[in-house]
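Peer 1: Input file: start.cif. Contents: mmCIF, C-alpha atoms and all ligand atoms.
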data_query
#
loop_
_atom_site.label_atom_id
_atom_site.label_comp_id
_atom_site.auth_asym_id
_atom_site.auth_seq_id
_atom_site.Cartn_x
_atom_site.Cartn_y
_atom_site.Cartn_z
CA MET A 1 -79.97 57.55 -42.78
CA LYS A 2 -80.29 57.26 -39.01
CA GLN A 3 -76.93 57.29 -37.28
CA SER A 4 -76.17 54.57 -34.72
CA ILE A 5 -74.70 55.41 -31.32
CA LEU A 6 -71.41 53.94 -32.48
CA ASP A 7 -71.38 56.22 -35.57
CA LYS A 8 -72.01 59.23 -33.37
CA LEU A 9 -69.38 58.11 -30.87
CA GLN A 10 -66.78 57.78 -33.62
CA ILE A 11 -67.52 61.23 -35.08
CA LEU A 12 -67.87 63.10 -31.80
CA ALA A 13 -65.01 61.45 -29.91
CA ASP A 14 -62.72 62.15 -32.86
CA ALA A 15 -63.83 65.80 -33.01
CA ALA A 16 -63.18 66.20 -29.26
CA LYS A 17 -59.49 65.30 -29.52
CA TYR A 18 -58.52 68.89 -30.43
CA ASP A 19 -59.61 70.08 -27.01
CA VAL A 20 -56.70 69.64 -24.60
CA SER A 21 -58.19 71.43 -21.62
CA CYS A 22 -58.69 68.15 -19.78
CA ALA A 23 -55.07 67.04 -20.39
CA SER A 24 -55.74 64.20 -22.80
CA SER A 25 -52.96 61.72 -23.43
CA GLY A 26 -53.74 61.73 -27.17
CA LEU A 27 -53.06 57.98 -27.33
CA ASP A 28 -54.44 56.12 -30.33
CA LYS A 29 -53.77 52.36 -30.01
CA ARG A 30 -55.91 50.00 -32.01
CA ASN A 31 -57.10 46.57 -30.97
CA THR A 32 -55.14 43.87 -32.76
CA GLY A 33 -57.29 41.01 -31.54
CA ASN A 34 -56.20 41.14 -27.91
CA ILE A 35 -57.78 42.81 -24.92
CA GLY A 36 -57.89 46.63 -24.81
CA ASN A 37 -58.58 49.35 -27.34
CA SER A 38 -58.14 53.05 -26.88
CA SER A 39 -58.86 54.22 -30.42
CA ALA A 40 -61.83 56.38 -31.33
CA ALA A 41 -63.66 55.50 -28.13
CA GLY A 42 -62.89 58.96 -26.80
CA ILE A 43 -61.18 57.95 -23.58
CA CYS A 44 -58.67 60.41 -22.17
CA HIS A 45 -57.01 60.99 -18.85
CA THR A 46 -56.83 63.67 -16.24
CA TRP A 47 -55.41 63.91 -12.72
CA SER A 48 -57.34 64.16 -9.47
CA TYR A 49 -56.27 66.48 -6.63
CA ASP A 50 -54.39 63.60 -4.95
CA GLY A 51 -52.35 62.86 -8.09
CA ARG A 52 -54.39 59.83 -9.28
CA CYS A 53 -54.77 59.43 -13.02
CA ILE A 54 -58.42 59.04 -13.94
CA SER A 55 -59.95 58.02 -17.28
CA LEU A 56 -62.67 60.17 -18.81
CA LEU A 57 -65.10 59.67 -21.65
CA LYS A 58 -64.21 62.67 -23.81
CA ILE A 59 -66.81 63.63 -26.39
CA LEU A 60 -68.66 66.50 -28.00
CA MET A 61 -72.41 66.89 -27.57
CA THR A 62 -72.47 67.91 -31.22
CA ASN A 63 -70.09 68.99 -33.99
CA ARG A 64 -72.86 70.89 -35.82
CA CYS A 65 -71.73 74.46 -35.39
CA ILE A 66 -73.29 77.75 -36.35
CA TYR A 67 -69.93 79.51 -35.93
CA ASP A 68 -67.12 79.45 -38.45
CA CYS A 69 -63.85 79.78 -36.52
CA ALA A 70 -61.13 79.51 -39.16
CA TYR A 71 -58.88 77.06 -37.23
CA CYS A 72 -61.59 74.58 -36.24
CA ILE A 73 -62.40 71.27 -37.90
CA SER A 74 -66.08 71.61 -36.84
CA ARG A 75 -66.56 75.09 -38.36
CA ALA A 76 -69.83 75.59 -40.22
CA SER A 77 -68.20 75.86 -43.64
CA ASN A 78 -66.38 72.48 -43.50
CA ASP A 79 -67.81 69.55 -45.39
CA ILE A 80 -67.39 66.83 -42.73
CA SER A 81 -69.56 64.10 -41.17
CA ARG A 82 -71.82 65.68 -38.57
CA ALA A 83 -73.61 64.20 -35.59
CA SER A 84 -75.37 65.21 -32.38
CA PHE A 85 -76.01 63.22 -29.23
CA GLU A 86 -79.19 63.49 -27.21
CA PRO A 87 -78.65 64.06 -23.47
CA GLU A 88 -80.11 60.62 -22.67
CA GLU A 89 -77.59 58.96 -25.02
CA ILE A 90 -74.56 60.61 -23.42
CA ALA A 91 -75.83 59.84 -19.93
CA GLU A 92 -76.41 56.20 -20.81
CA LEU A 93 -73.02 55.87 -22.53
CA THR A 94 -71.28 57.38 -19.50
CA ILE A 95 -73.02 55.02 -17.10
CA GLU A 96 -72.46 51.95 -19.28
CA PHE A 97 -68.76 52.80 -19.70
CA TYR A 98 -68.50 53.49 -15.98
CA ARG A 99 -70.13 50.16 -15.06
CA ARG A 100 -67.70 48.35 -17.35
CA ASN A 101 -64.85 50.15 -15.61
CA TYR A 102 -63.64 51.86 -18.81
CA ILE A 103 -63.95 55.33 -17.34
CA GLU A 104 -64.31 57.18 -14.05
CA GLY A 105 -65.79 60.39 -15.39
CA LEU A 106 -66.93 62.50 -18.31
CA PHE A 107 -65.43 65.39 -20.28
CA LEU A 108 -68.23 66.96 -22.31
CA SER A 109 -67.54 69.73 -24.80
CA SER A 110 -69.66 70.95 -27.68
CA ALA A 111 -69.91 72.99 -30.82
CA ILE A 112 -72.70 75.58 -30.86
CA GLU A 113 -75.83 74.05 -32.34
CA VAL A 114 -78.84 76.33 -33.04
CA ASN A 115 -77.65 78.92 -30.47
CA PRO A 116 -75.57 79.06 -27.25
CA ASN A 117 -78.60 78.66 -24.94
CA HIS A 118 -79.93 75.63 -26.82
CA THR A 119 -76.52 73.89 -26.53
CA MET A 120 -76.08 74.81 -22.88
CA GLU A 121 -79.57 73.51 -22.08
CA LYS A 122 -78.71 70.15 -23.66
CA ILE A 123 -75.52 69.97 -21.59
CA ILE A 124 -77.48 70.78 -18.42
CA LYS A 125 -80.06 68.12 -19.25
CA THR A 126 -77.25 65.55 -19.62
CA LEU A 127 -75.80 66.57 -16.26
CA HIS A 128 -79.21 66.41 -14.64
CA ILE A 129 -79.87 62.88 -15.88
CA LEU A 130 -76.45 61.75 -14.68
CA ARG A 131 -76.48 63.45 -11.29
CA VAL A 132 -80.19 63.11 -10.38
CA ASP A 133 -81.60 60.11 -12.28
CA TYR A 134 -78.48 57.91 -12.20
CA GLN A 135 -77.10 59.44 -8.96
CA PHE A 136 -73.67 59.58 -10.65
CA THR A 137 -71.17 61.33 -8.39
CA GLY A 138 -68.07 60.76 -10.55
CA TYR A 139 -65.91 63.52 -12.02
CA ILE A 140 -67.50 65.67 -14.75
CA HIS A 141 -65.80 68.46 -16.70
CA ILE A 142 -67.93 70.49 -19.12
CA LYS A 143 -67.43 73.37 -21.50
CA ALA A 144 -69.35 76.56 -20.78
CA ILE A 145 -70.72 77.82 -24.08
CA PRO A 146 -69.78 81.48 -24.68
CA GLY A 147 -72.88 83.64 -25.07
CA ALA A 148 -75.14 81.35 -23.00
CA ASP A 149 -77.46 82.92 -20.43
CA PRO A 150 -75.77 83.37 -17.00
CA GLN A 151 -78.66 81.46 -15.36
CA LEU A 152 -77.74 78.44 -17.49
CA VAL A 153 -74.05 78.77 -16.59
CA LYS A 154 -75.08 78.83 -12.92
CA LYS A 155 -77.25 75.71 -13.26
CA ALA A 156 -74.47 73.84 -15.08
CA GLY A 157 -71.93 74.91 -12.45
CA GLU A 158 -74.03 73.33 -9.71
CA LEU A 159 -73.93 69.95 -11.45
CA THR A 160 -70.35 69.74 -12.68
CA ASP A 161 -66.91 69.47 -11.06
CA ARG A 162 -64.89 71.54 -13.49
CA MET A 163 -65.87 74.03 -16.17
CA SER A 164 -63.82 75.60 -18.91
CA VAL A 165 -64.33 78.47 -21.29
CA ASN A 166 -61.83 78.17 -24.12
CA ILE A 167 -60.29 81.50 -24.98
CA GLU A 168 -58.37 79.88 -27.91
CA LEU A 169 -56.48 83.02 -29.01
CA PRO A 170 -54.56 85.49 -26.85
CA THR A 171 -55.56 88.83 -28.34
CA LYS A 172 -58.68 90.69 -29.48
CA GLN A 173 -57.12 91.12 -32.93
CA SER A 174 -56.50 87.39 -33.38
CA LEU A 175 -60.04 86.57 -32.29
CA LYS A 176 -61.37 89.11 -34.75
CA LEU A 177 -59.29 87.57 -37.51
CA LEU A 178 -59.98 83.87 -36.92
CA ALA A 179 -63.09 83.70 -34.75
CA PRO A 180 -65.05 86.89 -35.53
CA GLN A 181 -68.27 85.56 -33.98
CA LYS A 182 -66.55 85.41 -30.58
CA SER A 183 -65.33 88.38 -28.57
CA ILE A 184 -63.07 88.70 -25.54
CA ASN A 185 -66.09 89.94 -23.56
CA SER A 186 -68.24 86.92 -24.42
CA LEU A 187 -65.39 84.73 -23.09
CA PHE A 188 -64.45 86.81 -20.05
CA SER A 189 -67.99 87.23 -18.81
CA PRO A 190 -68.68 83.49 -18.05
CA MET A 191 -65.15 83.23 -16.61
CA GLN A 192 -65.93 86.08 -14.23
CA GLN A 193 -69.28 84.51 -13.29
CA ILE A 194 -67.63 81.15 -12.60
CA LYS A 195 -64.92 82.81 -10.50
CA GLU A 196 -67.50 84.59 -8.36
CA GLY A 197 -69.63 81.45 -8.06
CA ILE A 198 -66.64 79.43 -6.83
CA LYS A 199 -65.73 82.15 -4.31
CA GLN A 200 -69.29 82.24 -2.99
CA TYR A 201 -69.45 78.45 -2.79
CA ARG A 202 -66.19 78.28 -0.81
CA TYR A 203 -67.42 80.95 1.59
CA ASP A 204 -70.86 79.32 2.04
CA SER A 205 -69.42 75.87 2.59
CA ARG A 206 -67.42 77.21 5.54
CA HIS A 207 -70.46 78.87 7.13
CA ILE A 208 -73.53 76.87 6.08
CA LYS A 209 -74.09 73.18 6.74
CA LYS A 210 -75.65 72.09 3.47
CA VAL A 211 -74.73 74.08 0.43
CA LYS A 212 -75.05 73.42 -3.31
CA SER A 213 -71.61 72.85 -4.77
CA PHE A 214 -70.38 75.10 -7.61
CA VAL A 215 -67.53 74.00 -9.89
CA PRO A 216 -65.56 72.55 -6.93
CA ALA A 217 -62.60 71.53 -9.14
CA GLY A 218 -62.21 75.08 -10.52
CA GLN A 219 -62.11 76.42 -14.06
CA SER A 220 -59.60 76.07 -16.89
CA THR A 221 -59.11 77.24 -20.47
CA GLN A 222 -57.02 76.47 -23.53
CA MET A 223 -55.08 78.56 -26.04
CA ILE A 224 -54.04 77.47 -29.50
CA ILE A 225 -50.34 77.97 -30.22
CA GLY A 226 -49.15 78.84 -33.70
CA ALA A 227 -52.43 79.53 -35.54
CA THR A 228 -51.67 83.26 -35.48
CA PRO A 229 -48.41 85.28 -35.40
CA ASP A 230 -48.95 86.07 -31.69
CA SER A 231 -45.68 85.95 -29.77
CA ASP A 232 -44.97 83.82 -26.70
CA LEU A 233 -44.93 87.10 -24.76
CA SER A 234 -48.53 87.96 -25.68
CA ILE A 235 -49.61 84.37 -24.91
CA LEU A 236 -47.86 84.55 -21.55
CA HIS A 237 -49.32 87.99 -20.77
CA MET A 238 -52.80 86.60 -21.40
CA THR A 239 -52.01 83.50 -19.30
CA GLU A 240 -50.88 85.68 -16.41
CA LYS A 241 -53.98 87.85 -16.72
CA LEU A 242 -56.26 84.78 -16.68
CA TYR A 243 -54.65 83.41 -13.50
CA GLN A 244 -54.75 86.75 -11.73
CA ARG A 245 -58.14 87.99 -12.87
CA PHE A 246 -60.18 84.77 -12.94
CA LYS A 247 -58.20 82.50 -10.59
CA LEU A 248 -58.03 79.76 -13.18
CA LYS A 249 -56.71 76.36 -12.13
CA ARG A 250 -54.97 75.75 -15.43
CA VAL A 251 -54.31 77.34 -18.78
CA TYR A 252 -53.68 74.59 -21.34
CA PHE A 253 -51.74 75.16 -24.55
CA SER A 254 -52.53 73.31 -27.73
CA ALA A 255 -50.03 73.26 -30.60
CA TYR A 256 -52.02 74.21 -33.69
CA VAL A 257 -52.81 71.23 -35.91
CA PRO A 258 -53.51 72.54 -39.43
CA VAL A 259 -56.80 71.00 -40.51
CA ASN A 260 -58.21 73.84 -42.64
CA LYS A 261 -57.03 76.01 -45.49
CA GLY A 262 -57.38 79.77 -45.05
CA THR A 263 -55.62 83.00 -45.99
CA HIS A 264 -54.93 83.81 -42.34
CA LEU A 265 -53.87 80.28 -41.36
CA PRO A 266 -50.50 78.47 -41.52
CA ALA A 267 -50.15 76.07 -44.49
CA LEU A 268 -51.66 72.60 -44.15
CA SER A 269 -48.19 71.04 -44.25
CA THR A 270 -47.01 73.03 -41.20
CA ALA A 271 -46.03 70.74 -38.33
CA PRO A 272 -47.70 71.42 -34.95
CA PRO A 273 -45.24 73.55 -32.88
CA LEU A 274 -44.84 70.99 -30.12
CA LEU A 275 -41.55 72.27 -28.71
CA ARG A 276 -42.97 75.78 -28.51
CA GLU A 277 -46.00 74.36 -26.68
CA HIS A 278 -43.60 72.61 -24.28
CA ARG A 279 -41.68 75.84 -23.58
CA LEU A 280 -44.96 77.61 -22.81
CA TYR A 281 -45.92 74.87 -20.37
CA GLN A 282 -42.51 75.29 -18.66
CA ALA A 283 -43.10 79.05 -18.46
CA ASP A 284 -46.62 78.50 -17.12
CA TRP A 285 -45.07 76.38 -14.35
CA LEU A 286 -42.67 79.23 -13.55
CA LEU A 287 -45.59 81.67 -13.24
CA ARG A 288 -47.63 79.39 -11.01
CA PHE A 289 -45.03 77.84 -8.70
CA TYR A 290 -41.74 79.73 -8.98
CA GLY A 291 -42.74 83.35 -8.46
CA PHE A 292 -41.79 84.58 -11.96
CA ASN A 293 -43.84 86.99 -14.00
CA ALA A 294 -44.19 87.16 -17.79
CA ASP A 295 -42.08 90.32 -18.18
CA GLU A 296 -39.12 88.74 -16.42
CA LEU A 297 -39.08 85.84 -18.87
CA LEU A 298 -39.64 87.70 -22.14
CA ASN A 299 -39.67 91.26 -23.41
CA PHE A 300 -40.52 93.17 -26.57
CA ASN A 301 -36.96 92.76 -27.89
CA GLN A 302 -37.06 89.02 -27.31
CA PRO A 303 -40.75 88.06 -27.45
CA ASN A 304 -40.32 84.30 -28.05
CA PHE A 305 -38.72 81.50 -26.07
CA ASP A 306 -35.47 79.93 -27.19
CA LEU A 307 -36.22 76.42 -28.41
CA ASP A 308 -32.79 75.11 -27.34
CA PHE A 309 -32.95 76.20 -23.69
CA ASP A 310 -35.77 76.17 -21.17
CA PRO A 311 -37.23 79.51 -19.97
CA LYS A 312 -35.64 79.36 -16.52
CA MET A 313 -32.18 78.70 -18.00
CA MET A 314 -32.65 81.64 -20.39
CA TRP A 315 -33.69 83.88 -17.51
CA ALA A 316 -30.58 82.83 -15.54
CA LEU A 317 -28.27 83.48 -18.51
CA LYS A 318 -29.83 86.92 -19.03
CA ASN A 319 -29.33 87.70 -15.35
CA ILE A 320 -25.93 86.07 -14.92
CA GLU A 321 -24.78 88.87 -12.59
CA GLN A 322 -27.09 87.37 -9.92
CA PHE A 323 -25.05 84.13 -9.97
CA PRO A 324 -23.43 82.05 -8.56
CA MET A 325 -25.70 81.77 -5.52
CA GLU A 326 -24.38 80.15 -2.35
CA ILE A 327 -26.52 77.09 -1.80
CA ASN A 328 -26.13 77.30 2.00
CA LYS A 329 -27.29 80.91 2.31
CA VAL A 330 -29.64 81.88 -0.47
CA PRO A 331 -33.33 82.35 0.58
CA TYR A 332 -35.96 79.85 -0.61
CA LYS A 333 -37.42 82.26 -3.20
CA GLU A 334 -33.99 82.67 -4.82
CA LEU A 335 -33.26 78.94 -4.71
CA LEU A 336 -36.28 78.46 -6.96
CA ARG A 337 -34.61 80.65 -9.58
CA ILE A 338 -31.53 78.45 -9.94
CA PRO A 339 -31.66 76.27 -13.11
CA GLY A 340 -32.14 72.62 -12.23
CA ILE A 341 -33.60 73.29 -8.78
CA GLY A 342 -37.31 72.59 -8.57
CA VAL A 343 -39.79 73.11 -5.75
CA ARG A 344 -39.06 69.73 -4.13
CA SER A 345 -35.28 70.11 -4.35
CA ALA A 346 -35.53 73.63 -2.89
CA GLN A 347 -37.59 72.28 0.02
CA ARG A 348 -35.05 69.48 0.59
CA ILE A 349 -32.18 71.99 0.58
CA MET A 350 -33.97 74.19 3.15
CA LYS A 351 -34.60 71.17 5.39
CA GLN A 352 -31.03 69.91 5.10
CA ARG A 353 -29.64 73.37 5.88
CA GLN A 354 -31.33 73.23 9.30
CA VAL A 355 -29.09 70.33 10.34
CA SER A 356 -25.83 70.74 8.40
CA MET A 357 -23.98 72.63 5.69
CA ILE A 358 -24.65 71.28 2.21
CA CYS A 359 -21.73 70.10 0.09
CA TYR A 360 -21.57 69.27 -3.63
CA GLU A 361 -22.00 65.53 -2.90
CA ASP A 362 -25.24 66.26 -1.03
CA LEU A 363 -26.64 67.95 -4.15
CA LYS A 364 -25.83 64.82 -6.13
CA LYS A 365 -27.66 62.70 -3.57
CA MET A 366 -30.66 65.02 -3.88
CA ARG A 367 -30.62 64.20 -7.62
CA ILE A 368 -30.17 67.81 -8.65
CA PRO A 369 -29.00 67.86 -12.31
CA LEU A 370 -25.51 69.20 -11.64
CA LYS A 371 -24.66 69.24 -15.32
CA ARG A 372 -26.78 72.41 -15.40
CA THR A 373 -26.87 73.62 -11.81
CA ARG A 374 -23.06 73.66 -11.23
CA PHE A 375 -22.74 76.82 -13.37
CA PHE A 376 -25.03 78.78 -11.07
CA VAL A 377 -24.12 77.81 -7.49
CA THR A 378 -21.33 77.68 -4.98
CA CYS A 379 -21.20 75.13 -2.15
CA ASN A 380 -19.42 76.50 0.92
CA GLY A 381 -17.87 79.14 -1.31
CA ARG A 382 -16.52 76.71 -3.93
CA TYR A 383 -17.59 77.01 -7.57
CA TYR A 384 -17.86 73.83 -9.66
CA GLY A 385 -18.63 75.36 -13.07
CA GLU A 386 -16.14 76.28 -15.79
CA LYS A 387 -13.75 79.21 -15.32
CA SER A 388 -15.87 81.64 -17.32
CA MET A 389 -19.34 82.73 -16.33
CA GLU A 390 -19.91 84.16 -19.77
CA PRO A 391 -23.47 83.13 -20.93
CA ASN A 392 -22.22 82.05 -24.38
CA VAL A 393 -19.60 79.78 -22.80
CA ILE A 394 -22.20 78.20 -20.49
CA LYS A 395 -24.55 77.78 -23.47
CA LYS A 396 -21.85 75.83 -25.33
CA TYR A 397 -21.68 73.28 -22.50
CA LEU A 398 -25.45 73.00 -22.26
CA LYS A 399 -26.41 73.01 -25.94
CA PRO A 400 -28.74 70.06 -26.58
CA ASP A 401 -27.61 67.15 -28.71
CA PRO A 402 -28.60 68.05 -32.32
CA SER A 403 -29.72 64.44 -32.94
CA TYR A 404 -32.42 64.94 -30.29
CA GLU A 405 -35.91 65.02 -31.72
CA GLN A 406 -39.11 65.56 -29.77
CA LEU A 407 -41.58 62.71 -30.00
CA THR A 408 -45.00 63.56 -31.38
CA LEU A 409 -48.20 62.27 -29.89
CA TYR A 410 -49.96 61.92 -33.18
CA THR A 411 -49.31 62.69 -36.83
CA ILE A 412 -51.12 65.46 -38.70
CA PRO A 413 -54.45 63.95 -39.71
CA GLN A 414 -55.18 63.61 -43.40
CA ARG A 415 -58.77 64.66 -43.72
CA ALA A 416 -61.23 66.39 -45.96
CA THR A 417 -60.78 70.13 -45.65
CA THR A 418 -62.35 73.12 -47.27
S1 LIG B 501 -67.53 77.71 -31.84
FE1 LIG B 501 -66.19 76.05 -31.23
S2 LIG B 501 -66.86 74.29 -32.42
FE2 LIG B 501 -67.75 76.09 -33.38
S3 LIG B 501 -66.33 76.64 -35.01
FE3 LIG B 501 -65.76 77.84 -33.20
S4 LIG B 501 -64.22 76.59 -32.13
FE4 LIG B 501 -65.26 75.26 -33.60
#
Write out the structure in this file as structure tokens.
Ligand code: SF4

Peer 2:
Amino acid sequence: MKQSILDKLQILADAAKYDVSCASSGLDKRNTGNIGNSSAAGICHTWSYDGRCISLLKILMTNRCIYDCAYCISRASNDISRASFEPEEIAELTIEFYRRNYIEGLFLSSAIEVNPNHTMEKIIKTLHILRVDYQFTGYIHIKAIPGADPQLVKKAGELTDRMSVNIELPTKQSLKLLAPQKSINSLFSPMQQIKEGIKQYRYDSRHIKKVKSFVPAGQSTQMIIGATPDSDLSILHMTEKLYQRFKLKRVYFSAYVPVNKGTHLPALSTAPPLLREHRLYQADWLLRFYGFNADELLNFNQPNFDLDFDPKMMWALKNIEQFPMEINKVPYKELLRIPGIGVRSAQRIMKQRQVSMICYEDLKKMRIPLKRTRFFVTCNGRYYGEKSMEPNVIKKYLKPDPSYEQLTLYTIPQRATT
């Protein structure tokens, strides 16, 4: 039976929700007869460089896959509804949604149908119709298909704003176990090509008047958390490597949602490790903006983050001999290491220090969370924490309320699995 566009949209928007590399909100709110519906239409959100939240049509080109990655709902061996869009259909949907003001851009991912080149060619054709035929200049984020010809990656890069290659698992061994048709090299090689293309584009655009753009919004990737026994340390080592080696804009983490059975997979009833995902995002922030490196935050004796305390707090407690720091003297780089002090607060403190000494009341006015920070600072030589600077004593004061429970974005889907 021929599938309608709506059938395809339902199947392929639903299949795309496992990809978080465009920062989807994961919202699923059904229409109850009033205006507005965000369910199954595949609309997600991302943020532009100026902080604006923009809506994207988030879909797969196809969920027919020749690969059989153990963790994936679209794997070849799963008995699920399958569908494929034609490039013309995606282009028309994007434009129609755009004209109706539902979306401002497109996030297009795909399973691997027939072979990597065939899938990449279909993605390029979609981009071409949008950019050339419809003259669509809105935001587009696509997935580069591992194993596709570099010429195709180049062509796609000239038509899209952001590209991502999903590494999914942090080690060669894990890839071999759960995604044996993929290899680290087949993932690193398009990342390297995209990095060099972006570098060349930035150089050319400074020296040549009219130059073809190439992935101007940079590249990103995602890693699944909790599908394998990999520690937070190995995930963070890989994250660090990806930022340093390929200059990625973002590494996204996706708490593993058990959708398949498998000897190497967690049980279907396992809850997605959302708090662990959150700790990794906090650590990622420390790598990118606070000057930390992975080995300072974790080590082989303690390879996973504490779920009760954030990574910066744990680092401070492990290095308690470096505290308290005098808020009026400590250099900017050190300020960033004090629990509770973020980049903005550190900048405010530096600015304030140019005109006057900072007292405890000033910190309150700057909205610094003194409940945490007071254990690690002095203001004009005075300490406001408890008498002991023993990490276990500080931990007692800061231990989270046991009734606290993290909210989930969506429940584990009940679906047909192999
Ligand atoms: S290649 Fe992608 S879509 Fe196909 S099974 Fe692997 S993760 Fe899923």

Peer 1: Residues up to 10 Å from ligand LIG 501 (chain B), counting all atoms listed in the file: could you list those as a ChimeraX atom specification?

Peer 2: /A:15-16,18-19,60,62-78,109-113,116,145-146,166-168,178-182

Peer 1: Next, dump the selected residues to file, keeping only C-alpha atoms, as a PDB file, in the frame of the given file.

Peer 2:
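New file selection31.pdb:
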ATOM      1  CA  ALA A  15     -63.830  65.800 -33.010  1.00  0.00           C
ATOM      2  CA  ALA A  16     -63.180  66.200 -29.260  1.00  0.00           C
ATOM      3  CA  TYR A  18     -58.520  68.890 -30.430  1.00  0.00           C
ATOM      4  CA  ASP A  19     -59.610  70.080 -27.010  1.00  0.00           C
ATOM      5  CA  LEU A  60     -68.660  66.500 -28.000  1.00  0.00           C
ATOM      6  CA  THR A  62     -72.470  67.910 -31.220  1.00  0.00           C
ATOM      7  CA  ASN A  63     -70.090  68.990 -33.990  1.00  0.00           C
ATOM      8  CA  ARG A  64     -72.860  70.890 -35.820  1.00  0.00           C
ATOM      9  CA  CYS A  65     -71.730  74.460 -35.390  1.00  0.00           C
ATOM     10  CA  ILE A  66     -73.290  77.750 -36.350  1.00  0.00           C
ATOM     11  CA  TYR A  67     -69.930  79.510 -35.930  1.00  0.00           C
ATOM     12  CA  ASP A  68     -67.120  79.450 -38.450  1.00  0.00           C
ATOM     13  CA  CYS A  69     -63.850  79.780 -36.520  1.00  0.00           C
ATOM     14  CA  ALA A  70     -61.130  79.510 -39.160  1.00  0.00           C
ATOM     15  CA  TYR A  71     -58.880  77.060 -37.230  1.00  0.00           C
ATOM     16  CA  CYS A  72     -61.590  74.580 -36.240  1.00  0.00           C
ATOM     17  CA  ILE A  73     -62.400  71.270 -37.900  1.00  0.00           C
ATOM     18  CA  SER A  74     -66.080  71.610 -36.840  1.00  0.00           C
ATOM     19  CA  ARG A  75     -66.560  75.090 -38.360  1.00  0.00           C
ATOM     20  CA  ALA A  76     -69.830  75.590 -40.220  1.00  0.00           C
ATOM     21  CA  SER A  77     -68.200  75.860 -43.640  1.00  0.00           C
ATOM     22  CA  ASN A  78     -66.380  72.480 -43.500  1.00  0.00           C
ATOM     23  CA  SER A 109     -67.540  69.730 -24.800  1.00  0.00           C
ATOM     24  CA  SER A 110     -69.660  70.950 -27.680  1.00  0.00           C
ATOM     25  CA  ALA A 111     -69.910  72.990 -30.820  1.00  0.00           C
ATOM     26  CA  ILE A 112     -72.700  75.580 -30.860  1.00  0.00           C
ATOM     27  CA  GLU A 113     -75.830  74.050 -32.340  1.00  0.00           C
ATOM     28  CA  PRO A 116     -75.570  79.060 -27.250  1.00  0.00           C
ATOM     29  CA  ILE A 145     -70.720  77.820 -24.080  1.00  0.00           C
ATOM     30  CA  PRO A 146     -69.780  81.480 -24.680  1.00  0.00           C
ATOM     31  CA  ASN A 166     -61.830  78.170 -24.120  1.00  0.00           C
ATOM     32  CA  ILE A 167     -60.290  81.500 -24.980  1.00  0.00           C
ATOM     33  CA  GLU A 168     -58.370  79.880 -27.910  1.00  0.00           C
ATOM     34  CA  LEU A 178     -59.980  83.870 -36.920  1.00  0.00           C
ATOM     35  CA  ALA A 179     -63.090  83.700 -34.750  1.00  0.00           C
ATOM     36  CA  PRO A 180     -65.050  86.890 -35.530  1.00  0.00           C
ATOM     37  CA  GLN A 181     -68.270  85.560 -33.980  1.00  0.00           C
ATOM     38  CA  LYS A 182     -66.550  85.410 -30.580  1.00  0.00           C
TER      39      LYS A 182
END

Peer 1: Which neighbours of stretch 190-199 of chain A fall inside 12 Å, counting only C-alpha atoms, when residues of the same chain fewer than 6 positions from it are skipped, and could you give them as JSON, numbers by chain?

Peer 2: {"A": [143, 144, 145, 146, 147, 148, 149, 150, 151, 152, 153, 154, 155, 156, 157, 158, 160, 161, 162, 163, 164, 165, 166, 167, 184, 205, 206, 212, 213, 214, 215, 216, 217, 218, 219, 220, 221, 242, 243, 244, 245, 246, 247, 248, 249]}

Peer 1: Using all atoms listed in the file, determine which residues lie at most 12 Å from A:Glu361, disregarding the query and same-chain residues fewer than 4 positions distant; provide the list as a PyMOL selection string.

Peer 2: chain A and resi 357+365-370+374+379-380+384

Peer 1: Can you pull out every residue within 9 Å of A:Arg131, counting only C-alpha atoms, but drop anything in the same chain fewer than 6 positions away, and send it as a ChimeraX atom specification?

Peer 2: /A:137-138,159-160

Peer 1: Considering only C-alpha atoms, return as a list in words whatever protein or nucleic-acid residues lie within 10 Å of A:Ile225, sequence-local ones (same chain, fewer than 5 positions apart) excluded.

Peer 2: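 So the residues in contact are Glu168, Leu169, Pro170, Asp230, Ser231, Asp232, Ile235, Phe253, Ser254, Ala255, Tyr256, Val257, Pro272, Pro273, Leu274, Arg276, Glu277 and Leu280 of chain A.
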
Peer 1: Which of these residues is nearest to A:Phe107, using only C-alpha atoms: A:Leu57, A:Val355, A:Ile338, A:Ile11?

Peer 2: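 Comparing A:Leu57, A:Val355, A:Ile338, A:Ile11 against A:Phe107, the winner is A:Leu57.
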
Peer 1: Quick one: distance from atom CA of A:Cys359 to atom CA of A:Ile327 in Å, one decimal?

Peer 2: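 Rounded to one decimal, the two atoms are 8.7 Å apart.
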
Peer 1: Find, counting all atoms listed in the file, the residue in A:Val377, A:Asp284, A:Met350, A:Leu363 that gets nearest to A:Ala316.

Peer 2: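 Closest to A:Ala316, using all atoms listed in the file: A:Val377.
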
Peer 1: Show me as a count of residues only the residues that reach within 12 Å of (-32.5, 78.2, -23.0), counting all atoms listed in the file and using the file's own coordinates.

Peer 2: 31

Peer 1: Quote the spacing between atom CA of A:Val251 and atom CA of A:Tyr290 in Å to one decimal place.

Peer 2: 16.1 Å

Peer 1: Figure out the distance between atom CA of A:Tyr281 and atom CA of A:Glu296, please, to one decimal in Å.

Peer 2: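 Going from atom CA of A:Glu296 over to atom CA of A:Tyr281, I get 15.9 Å.
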
Peer 1: Give the answer as one residue: which of A:Ile208, A:Ala346, A:Leu265, A:Ala294 has the shortest atom-to-atom distance to A:Ser234, using all atoms listed in the file?

Peer 2: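 Residue with the minimum atom-to-atom distance to A:Ser234: A:Ala294.
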